[in-house]
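Contents: one structure, followed by commentary.
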Amino acid sequence: MYKTMFVAVAVATVCAGGAHAQTLRQGSSGDSVKRVQRALVLHGARIKIDGKYGPNTAAAVRAFQRNRSLPATGRVDAVTLRSLERPVQRGDRGSVVSQLQRELNSKGAGLQVDGIFGPATERALKTFQRSAGLNQSGDLDSSTLSKLLGSSGSAASGGSSSGGSSSGGALSGSHRPKASLLREARRVLSSNPSGFRRDYMAIVDFSKHSSQKRLYVIDLRSNRVEAWKVAHGSGSDPSNTGYPQRFSNRSGSKMSSLGVYRTAETYNGKYGYSLRLDGLSGSNSRVRSRAVVMHPSAYVREGGTSGRSWGCFAIDKRYSTSVIKKLKGGALIYAGR
């Protein structure tokens, strides 16, 4: 249901300026089509955001219409638009609100993703609206959605994102991240076209054993993947099984934290050339104050054993400088399981 509602708000943008009088169909083109395509991508469609209403866009529209028990014409007409134009506001519940909360968390809101549009979500949305120079209504309207997702037509899987980097397409290399983690990382990246570096990103899969490669560094221009071993926090694995079982944002927990990270500045510290991190999710918002960083380590060795950290992303010291140089200064790291 969240997809239907979330798309409703997105497609409302198309209605601005009298778009009710226009039916979009195969052969249509322009910004209205781009906005529909962007909404369909949020709905799960794998189409290019190119402003050209081709067969793939029409098929995605038909799928949406079937989901809403509308005639599956493949055209965005007034009836389809009316069914889509439902605002998201305080009092709403469901997956659409969860999606909104995740989008706000990707910008540092720190919300609990519970699918309830309550006071905390409203405050977070107003804070975002204020920072974006918008009317602080506390409702997810079309102008807010455009700012929240980025107005510059980022690409779905298989397309090209702003700045010439690739946010989709097949990955190459002998190791690949879990599909669900890759999808979420790409969603965050495409939702924040100016919020992260566009050449590299990384994914950490904490569902894997520490003896396995589970830090994936992805070249967004070529889709080439490097995979490395990385430590997890000792508090996340108190019995030293090799599998982290619990995660925390609490100071002194010595646990790893899940969520969206943005890399920051480098420094030379106790372990050598290291990389500071900022947590953008509610589940990792304290990583900077906890001094959770990426640093070289003698207890993590490619081709050997992997020890535990105090929550830091510790990697083999023989390769750490190369990895950190690729990720420093604003790259996305997504840690999940």
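Ordering of the structure tokens sets the chain letters (A, B, ...), residue numbers begin anew at 1 in every chain, and ligands are numbered from 1 in the order given.
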What's the 12 Å shell around A:Arg290, counting only C-alpha atoms, without same-chain residues fewer than 5 positions away, as number ranges by chain?
-> A: 248-257, 276-279, 284-285, 310-312
Near A:Arg90, counting only C-alpha atoms, which residues have an atom at most 7 Å away, once you skip same-chain residues fewer than 2 positions from it, shown as a JSON list (two decimals) with C-alpha atoms, in the first residue's frame?
```
[["chain", "number", "residue", "atom", "x", "y", "z"],
["A", 92, "ASP", "CA", -1.52, 8.38, 8.18],
["A", 117, "PHE", "CA", 2.94, 9.61, 10.92],
["A", 118, "GLY", "CA", 3.00, 11.10, 14.40],
["A", 122, "GLU", "CA", 5.89, 15.77, 11.42]]
```
Per DSSP on the backbone, what are the helix (DSSP H, G or I) residues of stretch 123-258 of chain A, as a count of residues only?
-> 36
Interatomic distance, atom CA of A:Met294 to atom CA of A:Arg198 (Å, one decimal) = 19.8 Å
Closest-contact table, stretch 227-279 of chain A side, partner stretch 201-206 of chain A, 12 Å, counting only C-alpha atoms, as JSON lines:
```
{"residue": "A:Ala227", "atom": "CA", "partner": "A:Ala202", "partner_atom": "CA", "distance": 9.5}
{"residue": "A:Trp228", "atom": "CA", "partner": "A:Val204", "partner_atom": "CA", "distance": 9.5}
{"residue": "A:Lys229", "atom": "CA", "partner": "A:Val204", "partner_atom": "CA", "distance": 9.5}
{"residue": "A:Val230", "atom": "CA", "partner": "A:Val204", "partner_atom": "CA", "distance": 8.2}
{"residue": "A:Ala231", "atom": "CA", "partner": "A:Phe206", "partner_atom": "CA", "distance": 9.4}
{"residue": "A:His232", "atom": "CA", "partner": "A:Phe206", "partner_atom": "CA", "distance": 7.8}
{"residue": "A:Gly233", "atom": "CA", "partner": "A:Phe206", "partner_atom": "CA", "distance": 10.6}
{"residue": "A:Ser236", "atom": "CA", "partner": "A:Phe206", "partner_atom": "CA", "distance": 10.3}
{"residue": "A:Asp237", "atom": "CA", "partner": "A:Phe206", "partner_atom": "CA", "distance": 11.2}
{"residue": "A:Gly242", "atom": "CA", "partner": "A:Phe206", "partner_atom": "CA", "distance": 10.1}
{"residue": "A:Tyr243", "atom": "CA", "partner": "A:Phe206", "partner_atom": "CA", "distance": 7.6}
{"residue": "A:Pro244", "atom": "CA", "partner": "A:Phe206", "partner_atom": "CA", "distance": 6.7}
{"residue": "A:Gln245", "atom": "CA", "partner": "A:Phe206", "partner_atom": "CA", "distance": 8.9}
{"residue": "A:Arg246", "atom": "CA", "partner": "A:Phe206", "partner_atom": "CA", "distance": 10.1}
{"residue": "A:Phe247", "atom": "CA", "partner": "A:Phe206", "partner_atom": "CA", "distance": 10.0}
{"residue": "A:Met255", "atom": "CA", "partner": "A:Phe206", "partner_atom": "CA", "distance": 11.9}
{"residue": "A:Ser256", "atom": "CA", "partner": "A:Phe206", "partner_atom": "CA", "distance": 9.1}
{"residue": "A:Ser257", "atom": "CA", "partner": "A:Phe206", "partner_atom": "CA", "distance": 9.9}
{"residue": "A:Leu258", "atom": "CA", "partner": "A:Phe206", "partner_atom": "CA", "distance": 8.6}
{"residue": "A:Gly259", "atom": "CA", "partner": "A:Val204", "partner_atom": "CA", "distance": 9.8}
{"residue": "A:Val260", "atom": "CA", "partner": "A:Ile203", "partner_atom": "CA", "distance": 9.6}
{"residue": "A:Tyr261", "atom": "CA", "partner": "A:Ala202", "partner_atom": "CA", "distance": 9.6}
{"residue": "A:Arg262", "atom": "CA", "partner": "A:Met201", "partner_atom": "CA", "distance": 9.4}
{"residue": "A:Thr263", "atom": "CA", "partner": "A:Met201", "partner_atom": "CA", "distance": 9.6}
```
Residue subset to file, keeping C-alpha atoms, as a compact mmCIF listing (two decimals), in the first residue's frame:
```
# COMPACT_ATOMS: atom_id res chain seq x y z
CA ALA A 227 35.51 -7.13 -1.63
CA TRP A 228 37.42 -7.04 1.66
CA LYS A 229 37.23 -8.47 5.14
CA VAL A 230 36.04 -6.09 7.84
CA ALA A 231 35.67 -6.42 11.61
CA HIS A 232 32.50 -6.06 13.64
CA GLY A 233 32.16 -4.85 17.22
CA SER A 236 27.82 -7.31 18.78
CA ASP A 237 29.38 -10.78 19.11
CA GLY A 242 32.20 -14.65 14.03
CA TYR A 243 28.59 -13.52 13.51
CA PRO A 244 27.33 -10.21 14.89
CA GLN A 245 23.98 -10.82 16.58
CA ARG A 246 23.08 -7.40 17.96
CA PHE A 247 23.72 -3.79 17.07
CA MET A 255 28.76 -2.76 19.08
CA SER A 256 28.54 -2.18 15.37
CA SER A 257 25.78 0.11 14.08
CA LEU A 258 23.60 -0.49 11.03
CA GLY A 259 22.40 2.22 8.68
CA VAL A 260 23.53 4.91 6.27
CA TYR A 261 26.98 6.46 6.72
CA ARG A 262 28.69 9.32 4.94
CA THR A 263 32.48 9.26 4.94
```
Polymer residues at most 8 Å from stretch 73-79 of chain A, only C-alpha atoms, same-chain spacing of 6 or more positions, as an NGL selection string | :A and (20-26 or 58-62 or 65)
